[in-house]
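Source file: query13.cif. Holds: mmCIF, C-alpha atoms.
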data_my_file
loop_
_atom_site.label_atom_id
_atom_site.label_comp_id
_atom_site.auth_asym_id
_atom_site.auth_seq_id
_atom_site.Cartn_x
_atom_site.Cartn_y
_atom_site.Cartn_z
CA MET A 241 -56.14 -40.49 47.15
CA LEU A 242 -54.04 -41.04 44.04
CA HIS A 243 -55.14 -37.65 42.66
CA LEU A 244 -54.16 -35.92 45.93
CA ALA A 245 -50.74 -37.61 45.92
CA LEU A 246 -50.06 -36.45 42.35
CA MET A 247 -50.98 -32.86 43.26
CA ARG A 248 -48.47 -32.96 46.15
CA VAL A 249 -45.69 -34.21 43.82
CA VAL A 250 -46.39 -31.49 41.24
CA SER A 251 -46.48 -28.80 43.96
CA ALA A 252 -43.13 -29.97 45.30
CA ALA A 253 -41.58 -29.86 41.82
CA LEU A 254 -42.83 -26.32 41.21
CA LEU A 255 -41.43 -25.15 44.53
CA ALA A 256 -38.04 -26.60 43.61
CA GLN A 257 -38.03 -24.67 40.34
CA HIS A 258 -39.28 -21.38 41.81
CA PRO A 259 -37.65 -20.81 45.22
CA SER A 260 -39.16 -18.27 47.57
CA PRO A 261 -37.48 -14.88 48.20
CA SER A 262 -36.17 -16.24 51.51
CA ALA A 263 -34.11 -18.93 49.74
CA ALA A 264 -30.30 -18.76 49.69
CA PRO A 265 -28.95 -16.00 47.39
CA ALA A 266 -27.61 -16.90 43.95
CA GLY A 267 -23.89 -16.94 43.11
CA PRO A 268 -21.92 -13.88 41.97
CA THR A 269 -23.20 -11.97 38.96
CA PRO A 270 -21.20 -12.86 35.84
CA PRO A 271 -19.30 -9.97 34.20
CA ALA A 272 -20.96 -8.09 31.38
CA GLN A 273 -20.36 -9.30 27.85
CA VAL A 274 -17.56 -7.55 25.94
CA LEU A 275 -17.99 -6.66 22.27
CA VAL A 276 -14.53 -7.79 21.19
CA SER A 277 -15.30 -7.17 17.50
CA ALA A 278 -16.31 -3.51 17.88
CA PRO A 279 -14.92 -1.32 15.06
CA PHE A 280 -11.51 0.21 15.60
CA HIS A 281 -11.41 3.94 16.30
CA GLY A 282 -8.21 5.95 16.27
CA VAL A 283 -4.86 5.95 14.48
CA TRP A 284 -2.55 2.92 14.36
CA ILE A 285 0.98 3.34 12.95
CA ASP A 286 3.25 0.35 12.48
CA ASP A 287 6.96 1.21 12.50
CA GLU A 288 7.83 -2.28 11.24
CA PRO A 289 7.89 -2.49 7.40
CA ALA A 290 5.46 -4.96 5.87
CA ARG A 291 6.28 -7.70 3.39
CA ASP A 292 6.11 -5.13 0.57
CA GLY A 293 8.68 -2.91 2.35
CA ARG A 294 6.19 -0.11 2.96
CA LEU A 295 5.16 1.42 6.29
CA TRP A 296 1.44 0.90 6.93
CA CYS A 297 -1.01 2.87 9.05
CA ARG A 298 -4.70 2.63 9.94
CA GLY A 299 -7.49 5.09 10.61
CA ASP A 300 -11.19 4.43 11.16
CA ARG A 301 -12.07 3.90 7.49
CA TYR A 302 -8.79 4.08 5.64
CA LYS A 303 -5.27 2.68 5.43
CA MET A 304 -2.16 4.48 4.28
CA SER A 305 1.26 3.25 3.27
CA PHE A 306 4.48 5.21 2.85
CA GLY A 307 7.58 4.47 0.79
CA ALA A 308 10.32 6.25 -1.12
CA ASP A 309 7.98 6.72 -4.08
CA GLY A 310 5.34 8.55 -2.02
CA ALA A 311 2.12 7.90 -0.12
CA ALA A 312 -0.87 5.68 -0.89
CA PHE A 313 -4.34 6.23 0.58
CA VAL A 314 -6.59 3.15 0.70
CA PRO A 315 -10.26 3.85 1.51
CA LEU A 316 -12.03 1.14 3.51
CA PHE A 317 -15.53 1.25 2.10
CA SER A 318 -16.82 -2.19 3.12
CA SER A 319 -15.63 -5.71 3.91
CA ARG A 320 -17.65 -6.80 0.87
CA THR A 321 -15.85 -4.67 -1.72
CA PRO A 322 -14.30 -6.94 -4.39
CA GLN A 323 -10.97 -5.08 -4.25
CA HIS A 324 -9.19 -2.03 -2.86
CA TYR A 325 -9.31 1.36 -4.58
CA PRO A 326 -6.06 3.07 -3.57
CA LEU A 327 -4.97 6.56 -4.54
CA THR A 328 -1.21 7.11 -4.79
CA PHE A 329 0.26 10.60 -4.43
CA HIS A 330 3.61 11.74 -5.78
CA LEU A 331 4.82 15.32 -6.03
CA ALA A 332 5.63 15.92 -9.69
CA GLY A 333 9.32 16.40 -10.38
CA ALA A 334 10.35 15.32 -6.89
CA ALA A 335 13.08 12.74 -6.37
CA ALA A 336 12.52 9.67 -4.21
CA ALA A 337 12.73 10.40 -0.49
CA THR A 338 12.65 8.19 2.58
CA PRO A 339 9.57 8.83 4.77
CA GLU A 340 10.44 9.83 8.33
CA ARG A 341 8.15 9.36 11.33
CA ARG A 342 6.73 12.60 12.72
CA GLY A 343 4.19 12.21 15.53
CA ASP A 344 1.08 10.53 14.14
CA GLY A 345 2.31 10.64 10.58
CA TYR A 346 5.26 10.88 8.20
CA VAL A 347 7.23 13.57 6.44
CA PHE A 348 9.20 13.66 3.18
CA HIS A 349 12.09 16.13 3.05
CA ARG A 350 12.78 17.45 -0.45
CA ASP A 351 14.72 20.40 -1.83
CA GLY A 352 12.84 23.49 -0.69
CA ILE A 353 9.60 21.52 0.01
CA GLU A 354 8.60 19.51 3.05
CA GLU A 355 5.66 17.16 2.44
CA ARG A 356 3.83 16.17 5.61
CA TRP A 357 1.11 13.60 6.26
CA ASP A 358 -0.65 13.92 9.62
CA LEU A 359 -3.04 11.06 10.34
CA ARG A 360 -6.35 11.46 12.13
CA PRO A 361 -9.07 8.86 12.76
CA ASP A 362 -11.32 10.36 10.06
CA GLY A 363 -8.68 11.04 7.40
CA ALA A 364 -5.19 12.21 6.51
CA GLU A 365 -4.04 15.81 6.36
CA GLN A 366 -1.48 16.43 3.62
CA SER A 367 0.49 19.64 3.88
CA PHE A 368 3.43 21.24 2.13
CA VAL A 369 5.84 23.65 3.75
CA LEU A 370 7.33 25.83 0.99
CA GLN A 371 10.48 27.82 1.60
CA ARG A 372 10.22 29.54 -1.79
CA ARG A 373 7.91 29.93 -4.75
CA PRO A 374 7.27 26.60 -6.58
CA VAL A 375 8.04 26.18 -10.26
CA GLY A 376 5.14 27.47 -12.33
CA ASP A 377 3.48 28.96 -9.24
CA ALA A 378 1.75 25.63 -8.54
CA LEU A 379 2.12 22.34 -6.71
CA VAL A 380 1.36 19.43 -9.02
CA ILE A 381 0.60 16.11 -7.33
CA GLU A 382 0.47 13.08 -9.62
CA VAL A 383 -2.39 10.75 -8.65
CA GLY A 384 -2.63 7.08 -9.55
CA THR A 385 -6.03 5.41 -9.06
CA VAL A 386 -8.69 3.29 -10.74
CA LEU A 387 -11.39 5.48 -9.18
CA PRO A 388 -13.02 7.85 -11.67
CA PHE A 389 -12.85 11.55 -10.92
CA THR A 390 -16.43 12.83 -10.61
CA GLY A 391 -15.86 16.56 -10.17
CA GLY A 392 -15.03 19.24 -7.66
CA ASP A 393 -17.22 21.34 -5.36
CA SER A 394 -16.97 23.30 -2.13
CA GLN A 395 -15.81 20.15 -0.31
CA GLY A 396 -13.02 19.34 -2.73
CA LEU A 397 -12.19 16.83 -5.47
CA HIS A 398 -14.31 13.65 -5.55
CA PHE A 399 -13.15 10.16 -6.62
CA ARG A 400 -16.04 7.70 -6.50
CA ALA A 401 -16.39 3.92 -6.26
CA GLU A 402 -19.95 3.50 -7.51
CA GLY A 403 -22.13 1.80 -4.91
CA TRP A 404 -19.43 1.82 -2.19
CA GLY A 405 -18.45 5.41 -1.46
CA GLU A 406 -15.93 8.05 -2.42
CA VAL A 407 -12.64 9.67 -1.47
CA VAL A 408 -12.62 13.45 -1.11
CA TYR A 409 -9.39 15.41 -1.56
CA GLY A 410 -10.22 18.67 0.19
CA ASN A 411 -9.65 22.09 -1.29
CA ALA A 412 -6.29 23.46 -0.22
CA PHE A 413 -5.65 26.50 1.95
CA ALA A 414 -2.53 28.62 2.25
CA ILE A 415 -1.40 29.65 5.72
CA GLU A 416 1.24 32.38 5.63
CA ALA A 417 3.91 33.07 8.21
CA ASN A 418 1.77 35.77 9.87
CA GLY A 419 -1.20 33.36 10.22
CA ASP A 420 -3.26 34.71 7.32
CA ARG A 421 -5.33 31.92 5.72
CA ARG A 422 -6.81 31.93 2.23
CA PRO A 423 -8.23 29.26 -0.12
CA LEU A 424 -6.21 28.10 -3.10
CA PRO A 425 -7.60 26.94 -6.47
CA THR A 426 -7.49 23.12 -6.38
CA THR A 427 -8.21 21.26 -9.64
CA PHE A 428 -7.71 17.82 -11.20
CA VAL A 429 -6.48 17.69 -14.80
CA ASP A 430 -4.83 14.86 -16.76
CA GLY A 431 -4.30 12.60 -13.75
CA ALA A 432 -2.82 15.25 -11.48
CA ILE A 433 -4.02 17.55 -8.71
CA ARG A 434 -2.95 21.15 -9.26
CA ILE A 435 -2.80 23.60 -6.36
CA ASP A 436 -2.16 27.13 -7.58
CA VAL A 437 -0.08 29.35 -5.31
CA PRO A 438 -0.66 33.11 -5.63
CA ALA A 439 2.26 35.18 -6.90
CA ASP A 440 2.05 37.52 -3.90
CA ALA A 441 2.31 34.75 -1.30
CA ARG A 442 4.79 35.32 1.52
CA TYR A 443 7.20 32.54 2.43
CA PRO A 444 7.60 30.23 4.25
CA LEU A 445 4.13 29.10 3.24
CA LEU A 446 2.01 26.17 4.46
CA VAL A 447 -0.36 24.56 1.92
CA ASP A 448 -2.92 22.36 3.63
CA PRO A 449 -5.47 19.94 1.98
CA PHE A 450 -7.30 17.03 3.74
CA VAL A 451 -8.11 13.53 2.42
CA THR A 452 -11.02 11.49 3.77
CA THR A 453 -13.27 8.51 3.03
CA ILE A 454 -17.04 8.81 2.69
CA GLY A 455 -18.71 5.39 2.74
CA VAL A 456 -22.22 4.45 1.69
CA ALA A 457 -22.56 2.17 4.75
CA SER A 458 -20.68 4.49 7.09
CA ASN A 459 -21.74 2.64 10.26
CA GLU A 460 -20.98 -0.85 8.97
CA ALA A 461 -18.61 -2.85 11.17
CA PHE A 462 -15.85 -4.74 9.47
CA ASP A 463 -16.06 -8.51 9.27
CA ASN A 464 -14.22 -10.04 12.26
CA ARG A 465 -13.59 -13.78 12.23
CA ASN A 466 -11.58 -16.67 13.73
CA PRO A 467 -10.68 -15.23 17.16
CA ASP A 468 -8.20 -16.78 19.57
CA VAL A 469 -7.47 -15.77 23.16
CA ALA A 470 -4.69 -16.07 25.75
CA TYR A 471 -4.29 -14.96 29.39
CA ASP A 472 -1.20 -13.71 31.25
CA ALA A 473 -1.54 -14.18 35.01
CA GLY A 474 1.42 -11.93 35.85
CA SER A 475 -0.34 -8.86 34.45
CA ASP A 476 -3.94 -10.11 34.77
CA ARG A 477 -4.50 -9.35 31.10
CA TRP A 478 -6.26 -11.09 28.23
CA CYS A 479 -5.14 -10.89 24.62
CA VAL A 480 -7.55 -11.56 21.75
CA VAL A 481 -6.47 -11.84 18.12
CA MET A 482 -8.79 -12.04 15.14
CA GLU A 483 -9.01 -11.63 11.40
CA GLU A 484 -10.49 -8.31 10.30
CA ARG A 485 -11.62 -8.48 6.69
CA VAL A 486 -11.58 -5.02 5.13
CA SER A 487 -12.22 -6.19 1.55
CA ILE A 488 -12.63 -9.50 -0.25
CA LEU A 489 -8.88 -9.52 -1.03
CA ASP A 490 -7.51 -8.01 2.21
CA THR A 491 -7.64 -9.30 5.78
CA ASP A 492 -5.70 -7.80 8.71
CA ILE A 493 -4.72 -9.33 12.05
CA LYS A 494 -6.22 -7.24 14.85
CA VAL A 495 -5.13 -7.66 18.48
CA ARG A 496 -6.96 -6.33 21.53
CA ARG A 497 -5.94 -6.46 25.19
CA PHE A 498 -8.33 -6.48 28.15
CA ASP A 499 -7.84 -6.34 31.89
CA GLY A 500 -9.10 -9.04 34.22
CA ALA A 501 -12.50 -7.35 34.50
CA GLY A 502 -12.98 -7.36 30.73
CA THR A 503 -12.28 -3.65 30.12
CA LEU A 504 -10.78 -2.92 26.70
CA LEU A 505 -7.30 -1.43 27.16
CA ASP A 506 -6.01 -1.00 23.61
CA THR A 507 -6.22 -2.12 19.99
CA ASP A 508 -3.20 -2.87 17.82
CA TYR A 509 -2.62 -4.48 14.46
CA PHE A 510 -0.06 -7.26 14.07
CA GLU A 511 -0.59 -7.06 10.28
CA SER A 512 -2.27 -4.22 8.39
CA SER A 513 -0.87 -4.21 4.84
CA GLY A 514 -2.82 -4.85 1.66
CA THR A 515 -2.48 -8.65 1.64
CA VAL A 516 -4.53 -11.48 3.16
CA ALA A 517 -3.49 -12.43 6.71
CA ASP A 518 -5.56 -15.16 8.35
CA GLN A 519 -5.68 -18.20 10.66
CA PRO A 520 -4.40 -16.34 13.77
CA ALA A 521 -3.43 -18.05 17.03
CA VAL A 522 -2.10 -16.49 20.25
CA ALA A 523 -0.46 -17.72 23.46
CA ALA A 524 0.97 -16.24 26.66
CA ALA A 525 4.32 -17.06 28.24
CA GLY A 526 5.53 -16.18 31.74
CA THR A 527 4.81 -16.84 35.42
CA ARG A 528 2.34 -15.46 37.92
CA ALA A 529 5.23 -13.65 39.64
CA SER A 530 6.19 -11.51 36.63
CA VAL A 531 4.60 -9.77 33.68
CA GLY A 532 4.73 -12.00 30.62
CA THR A 533 4.36 -11.64 26.87
CA PHE A 534 1.88 -12.61 24.19
CA CYS A 535 2.93 -14.09 20.86
CA ALA A 536 0.63 -14.46 17.87
CA ALA A 537 1.13 -16.55 14.75
CA TRP A 538 -0.77 -16.34 11.48
CA ARG A 539 -0.67 -17.23 7.81
CA GLU A 540 0.19 -14.42 5.40
CA ALA A 541 -0.39 -14.14 1.64
CA SER A 542 -1.62 -17.78 1.70
CA LEU A 543 2.05 -18.83 1.85
CA ASP A 544 4.04 -17.75 4.90
CA ILE A 545 3.85 -18.42 8.63
CA VAL A 546 4.57 -15.25 10.62
CA VAL A 547 4.88 -14.53 14.35
CA ARG A 548 4.92 -11.30 16.31
CA ARG A 549 5.20 -10.57 20.02
CA ILE A 550 3.77 -7.93 22.29
CA GLY A 551 4.52 -7.46 25.97
CA ALA A 552 1.49 -7.84 28.19
CA THR A 553 1.90 -4.20 29.28
CA GLN A 554 3.93 -2.80 26.36
CA SER A 555 2.52 -0.03 24.17
CA SER A 556 3.14 -1.60 20.76
CA PRO A 557 4.09 -4.92 19.11
CA GLN A 558 7.67 -6.01 18.59
CA ASN A 559 9.32 -6.91 15.30
CA VAL A 560 7.85 -9.35 12.81
CA ARG A 561 9.45 -12.75 12.24
CA ARG A 562 8.73 -14.73 9.10
CA ILE A 563 9.07 -18.34 10.29
CA PHE A 564 8.23 -20.12 7.07
CA ASN A 565 8.66 -18.52 3.64
CA GLY A 566 6.45 -20.45 1.28
CA SER A 567 7.71 -18.68 -1.81
CA VAL A 568 11.26 -19.93 -1.20
CA ILE A 569 11.01 -23.41 0.28
CA LEU A 570 10.17 -25.73 -2.64
CA GLN A 571 7.18 -23.59 -3.64
CA SER A 572 5.27 -24.92 -0.62
CA PHE A 573 2.93 -22.99 1.66
CA GLY A 574 2.17 -22.88 5.37
CA LEU A 575 -1.16 -23.69 6.99
CA ARG A 576 -2.99 -23.72 10.32
CA PRO A 577 -0.44 -22.38 12.83
CA ASP A 578 -0.92 -22.98 16.54
CA ILE A 579 1.26 -21.67 19.37
CA ALA A 580 1.77 -22.30 23.08
CA GLY A 581 3.83 -20.69 25.85
CA SER A 582 5.89 -21.78 28.83
CA PRO A 583 6.69 -20.31 32.27
CA GLN A 584 10.22 -19.55 31.04
CA GLY A 585 8.92 -17.16 28.38
CA ASP A 586 9.52 -19.53 25.45
CA TYR A 587 6.99 -20.48 22.80
CA LEU A 588 6.45 -23.55 20.66
CA LEU A 589 4.97 -22.94 17.22
CA VAL A 590 3.47 -25.77 15.18
CA TYR A 591 2.13 -25.55 11.65
CA SER A 592 1.62 -27.70 8.60
CA THR A 593 3.13 -27.27 5.17
CA ASP A 594 1.81 -28.47 1.84
CA ALA A 595 2.99 -28.40 -1.77
CA THR A 596 1.98 -29.72 -5.16
CA THR A 597 4.90 -32.17 -5.31
CA LEU A 598 5.45 -33.09 -1.63
CA LEU A 599 3.36 -34.76 1.03
CA PRO A 600 2.00 -32.42 3.71
CA THR A 601 4.06 -32.30 6.90
CA ILE A 602 3.84 -30.83 10.39
CA ARG A 603 6.74 -28.64 11.48
CA PHE A 604 7.57 -26.99 14.79
CA ASP A 605 9.85 -24.14 15.81
CA ARG A 606 10.90 -23.00 19.26
CA ILE A 607 10.81 -19.26 19.84
CA THR A 608 13.10 -18.52 22.76
CA ALA A 609 12.92 -15.69 25.24
CA SER A 610 16.66 -15.66 26.03
CA SER A 611 17.82 -15.05 22.44
CA GLY A 612 15.78 -11.93 21.77
CA ALA A 613 12.29 -11.20 20.54
CA GLY A 614 11.13 -13.73 18.02
CA SER A 615 14.45 -15.56 17.64
CA LEU A 616 14.07 -19.12 16.42
CA GLY A 617 15.38 -22.54 17.20
CA LEU A 618 15.86 -25.15 14.51
CA PRO A 619 12.74 -26.22 12.60
CA ASN A 620 11.76 -29.84 12.98
CA VAL A 621 9.51 -32.02 10.85
CA ILE A 622 7.40 -34.31 13.03
CA GLY A 623 4.77 -35.78 10.75
CA ILE A 624 4.30 -36.85 7.15
CA GLY A 625 0.84 -36.73 5.63
CA CYS A 626 -0.58 -34.67 8.52
CA LEU A 627 -2.54 -31.46 8.15
CA THR A 628 -3.95 -30.25 11.49
CA PRO A 629 -1.38 -29.55 14.23
CA SER A 630 -2.19 -28.37 17.75
CA VAL A 631 -0.07 -27.62 20.81
CA ALA A 632 -0.80 -26.94 24.51
CA ASN A 633 0.83 -24.58 27.01
CA ALA A 634 3.53 -25.90 29.34
CA MET A 635 2.00 -25.88 32.85
CA ALA A 636 5.11 -26.66 34.96
CA PRO A 637 8.78 -25.59 34.92
CA ASP A 638 9.78 -28.76 33.07
#

Starting from the coordinates I provided, produce the structure as structure tokens.
Amino acid sequence: MLHLALMRVVSAALLAQHPSPSAAPAGPTPPAQVLVSAPFHGVWIDDEPARDGRLWCRGDRYKMSFGADGAAFVPLFSSRTPQHYPLTFHLAGAAAATPERRGDGYVFHRDGIEERWDLRPDGAEQSFVLQRRPVGDALVIEVGTVLPFTGGDSQGLHFRAEGWGEVVYGNAFAIEANGDRRPLPTTFVDGAIRIDVPADARYPLLVDPFVTTIGVASNEAFDNRNPDVAYDAGSDRWCVVMEERVSILDTDIKVRRFDGAGTLLDTDYFESSGTVADQPAVAAAGTRASVGTFCAAWREASLDIVVRRIGATQSSPQNVRRIFNGSVILQSFGLRPDIAGSPQGDYLLVYSTDATTLLPTIRFDRITASSGAGSLGLPNVIGIGCLTPSVANAMAPD
């Protein structure tokens, strides 16, 4: 009898774990997982100058920066590379010129020569529009780089980082006013690229080389770390920020927005220069009745605390605000920012500061919606000897 009773108990337990097909249906199917850290594809151009004063851009496997002294191409070989291997380009004999935005790229206007950079996901197209014959019948482009030149072939000029990949500066072509196209001798001698222009060329003339990155691990995803997420009910959108390490000495702040169903809408970069940007945090501010904003905070160059906003439905981030400048304030540095939003569109930023001669403190700043994007209230010190601040969203009008 005891054996029969035990069998009935076991049978009942098994039935509870394995319901029959006629049992009540399960709950709704959860949404599919979203690969938030998928590699970026496209062209990202930031119109806000970085800490170094240069204008930075991103492609799939390269960065570029533009300043009065010319352009710099930074190949992104791997997140494990010990450093960056930039190539700087400056037209020999040309005076400094301010880069001007032109579509997906920049242009330098010089006397009789227009230097254009058109950015594509796979590389950057450099072109020169010549109104007259150049001096010496050649364009000479001074190149600064630690990469050794390893020769030229039918693809172009090769600059190689052994074990990581190479940058290829493509052979130039001349496109004349009537559309005729012909290759131009493109060589590298004594630290400069020389593009010879034939004496019988007809002007205006377009000279058109292409610069690209060839990586050894061409399908390797960059190293994405330390994500944070916020939700805006007014637009039904999520915002995710994360660190994207592109080399040992360079980390960017990547931001991605998703709709309520988890569909990726866009990818932007709050910070994309050649420095380390880390410890990101993000919050949303606004009400269910109106579209709100997102505001992210991060640490930059291991010193500063920086914030930047983006509207929940805007196309690009707003201006950068440096909240705490560690290189100025008593040689101290900022750490561990956290941020929260309110229904009125305001934000509260908290962070800690540390220094070799002062005790660590926790500071907070109010970022108000009524005084313009990123405008600040007075900083306040709220703790001595504290290192790890945190703040929560305001959930009611007060």

Residues within 12 Å of Pro322 in chain A, please, as JSON, numbers by chain. Count only C-alpha atoms; anything in the same chain fewer than 2 positions from it doesn't count.
{"A": [316, 317, 318, 319, 320, 324, 325, 401, 403, 404, 485, 486, 487, 488, 489, 490]}

Please produce a file of the residues just selected, as a compact mmCIF listing (two decimals), keeping the file's coordinate frame, where the atoms kept are C-alpha atoms.
# COMPACT_ATOMS: atom_id res chain seq x y z
CA LEU A 316 -12.03 1.14 3.51
CA PHE A 317 -15.53 1.25 2.10
CA SER A 318 -16.82 -2.19 3.12
CA SER A 319 -15.63 -5.71 3.91
CA ARG A 320 -17.65 -6.80 0.87
CA HIS A 324 -9.19 -2.03 -2.86
CA TYR A 325 -9.31 1.36 -4.58
CA ALA A 401 -16.39 3.92 -6.26
CA GLY A 403 -22.13 1.80 -4.91
CA TRP A 404 -19.43 1.82 -2.19
CA ARG A 485 -11.62 -8.48 6.69
CA VAL A 486 -11.58 -5.02 5.13
CA SER A 487 -12.22 -6.19 1.55
CA ILE A 488 -12.63 -9.50 -0.25
CA LEU A 489 -8.88 -9.52 -1.03
CA ASP A 490 -7.51 -8.01 2.21

Name the residues that the PyMOL selection byres ((chain A and resi 366-381) around 7) picks from the file above, as a ChimeraX atom specification, using the file's chain letters and numbers.
/A:329-332,352-358,364-365,382-383,432-439,443-450

So the first atom is CA of Ala537 in chain A and the second is CA of Glu511 in chain A; what is the distance between them in Å, to one decimal place?
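Separation of CA of Ala537 in chain A and CA of Glu511 in chain A: 10.6 Å.
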
Residue IDs satisfying the PyMOL selection byres ((chain A and resi 505) around 10), as a ChimeraX atom specification
/A:477-478,496-499,502-504,506-507,553

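Interatomic distance, CA of Ala334 in chain A against CA of Arg291 in chain A: 25.5 Å.
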
Evaluate the PyMOL selection byres ((chain A and resi 601-605) around 12) on the structure here and hand back the selected residues as a ChimeraX atom specification.
/A:537,545-547,561-564,572-580,586-595,598-600,606-608,614-631

Neighbour list for Pro467 in chain A as JSON, numbers by chain, cut-off 9 Å, only C-alpha atoms, skip fewer than 3 positions in-chain
{"A": [464, 480, 481, 482, 483, 519, 520, 521]}

Which is closer to Asp472 in chain A than all the others in A:Arg539, A:Arg298, A:Arg528, A:Arg548, using all atoms listed in the file?
A:Arg528

From (1.1, 2.5, 5.6), in the file's coordinates, out to 6 Å: which residues are reached, counting only C-alpha atoms? Answer as a PyMOL selection string.
chain A and resi 295-297+304-306

Could you state the separation of CA of Arg360 in chain A and CA of Val283 in chain A in Å, given to one decimal place?
6.2 Å

Tell me which protein, DNA and RNA residues are within 9 Å of Ala290 in chain A, counting all atoms listed in the file, leaving out same-chain ones fewer than 2 positions away, and put them as a PyMOL selection string.
chain A and resi 286+288+292-296+511-513+560

Would you compute the box with edges along x, y and z of the file around range 475-491 of chain A, including every atom the file lists for it and 5 Å extra on each side, and give its centre and edge lengths in Å to one decimal, as lines of an AutoDock Vina configuration file?
center_x = -6.5
center_y = -8.5
center_z = 16.9
size_x = 22.3
size_y = 17.0
size_z = 45.8

Residue list as a VMD selection string for point (-18.3, -7.3, 15.8), cut-off 12 Å, all atoms listed in the file
chain A and resid 274 to 280 459 to 467 482 to 485

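Among the candidates A:Ser475, A:Asn565, A:Asn633, A:Thr515, the one nearest to Asp492 in chain A when counting all atoms listed in the file is A:Thr515.
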
Could you give me, as a PyMOL selection string, the residues within 10 Å of Leu387 in chain A, counting only C-alpha atoms and dropping anything in the same chain fewer than 2 positions from it?
chain A and resi 325-327+384-385+389-390+398-402+406-407

Closest to Gln323 in chain A among A:Val347, A:Thr426, A:Gly514, A:Pro289, using only C-alpha atoms?
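Counting only C-alpha atoms, the residue closest to Gln323 in chain A is A:Gly514.
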
Test item: write range 472-484 of chain A with N, CA, C and O atoms as an mmCIF file, in the first residue's frame:
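Everything below was put into out_31.cif:
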data_model
loop_
_atom_site.group_PDB
_atom_site.id
_atom_site.type_symbol
_atom_site.label_atom_id
_atom_site.label_comp_id
_atom_site.auth_asym_id
_atom_site.auth_seq_id
_atom_site.Cartn_x
_atom_site.Cartn_y
_atom_site.Cartn_z
ATOM 1 N N ASP A 472 12.335 56.774 -22.223
ATOM 2 C CA ASP A 472 11.484 57.961 -22.301
ATOM 3 C C ASP A 472 10.086 57.522 -22.714
ATOM 4 O O ASP A 472 9.880 57.045 -23.844
ATOM 5 N N ALA A 473 9.124 57.684 -21.796
ATOM 6 C CA ALA A 473 7.761 57.223 -22.067
ATOM 7 C C ALA A 473 7.076 58.068 -23.129
ATOM 8 O O ALA A 473 6.253 57.567 -23.892
ATOM 9 N N GLY A 474 7.395 59.366 -23.206
ATOM 10 C CA GLY A 474 6.732 60.231 -24.170
ATOM 11 C C GLY A 474 6.963 59.838 -25.610
ATOM 12 O O GLY A 474 6.109 60.043 -26.473
ATOM 13 N N SER A 475 8.135 59.270 -25.887
ATOM 14 C CA SER A 475 8.459 58.835 -27.256
ATOM 15 C C SER A 475 8.493 57.319 -27.392
ATOM 16 O O SER A 475 8.664 56.809 -28.505
ATOM 17 N N ASP A 476 8.344 56.599 -26.279
ATOM 18 C CA ASP A 476 8.455 55.138 -26.260
ATOM 19 C C ASP A 476 9.800 54.696 -26.854
ATOM 20 O O ASP A 476 9.856 53.844 -27.731
ATOM 21 N N ARG A 477 10.861 55.326 -26.349
ATOM 22 C CA ARG A 477 12.197 54.999 -26.845
ATOM 23 C C ARG A 477 13.156 54.698 -25.689
ATOM 24 O O ARG A 477 13.070 55.309 -24.620
ATOM 25 N N TRP A 478 14.058 53.773 -25.976
ATOM 26 C CA TRP A 478 15.133 53.425 -25.058
ATOM 27 C C TRP A 478 16.433 54.042 -25.565
ATOM 28 O O TRP A 478 16.652 54.165 -26.764
ATOM 29 N N CYS A 479 17.294 54.396 -24.642
ATOM 30 C CA CYS A 479 18.620 54.904 -24.981
ATOM 31 C C CYS A 479 19.653 54.094 -24.203
ATOM 32 O O CYS A 479 19.556 53.971 -22.976
ATOM 33 N N VAL A 480 20.623 53.540 -24.916
ATOM 34 C CA VAL A 480 21.684 52.750 -24.297
ATOM 35 C C VAL A 480 23.019 53.416 -24.599
ATOM 36 O O VAL A 480 23.308 53.731 -25.758
ATOM 37 N N VAL A 481 23.809 53.653 -23.570
ATOM 38 C CA VAL A 481 25.162 54.171 -23.744
ATOM 39 C C VAL A 481 26.142 53.105 -23.287
ATOM 40 O O VAL A 481 25.828 52.274 -22.427
ATOM 41 N N MET A 482 27.341 53.137 -23.867
ATOM 42 C CA MET A 482 28.356 52.144 -23.517
ATOM 43 C C MET A 482 29.727 52.669 -23.898
ATOM 44 O O MET A 482 29.862 53.582 -24.716
ATOM 45 N N GLU A 483 30.740 52.079 -23.295
ATOM 46 C CA GLU A 483 32.115 52.326 -23.730
ATOM 47 C C GLU A 483 32.405 51.438 -24.931
ATOM 48 O O GLU A 483 32.045 50.269 -24.947
ATOM 49 N N GLU A 484 33.059 52.002 -25.937
ATOM 50 C CA GLU A 484 33.524 51.197 -27.068
ATOM 51 C C GLU A 484 35.041 51.363 -27.156
ATOM 52 O O GLU A 484 35.537 52.406 -27.573
#
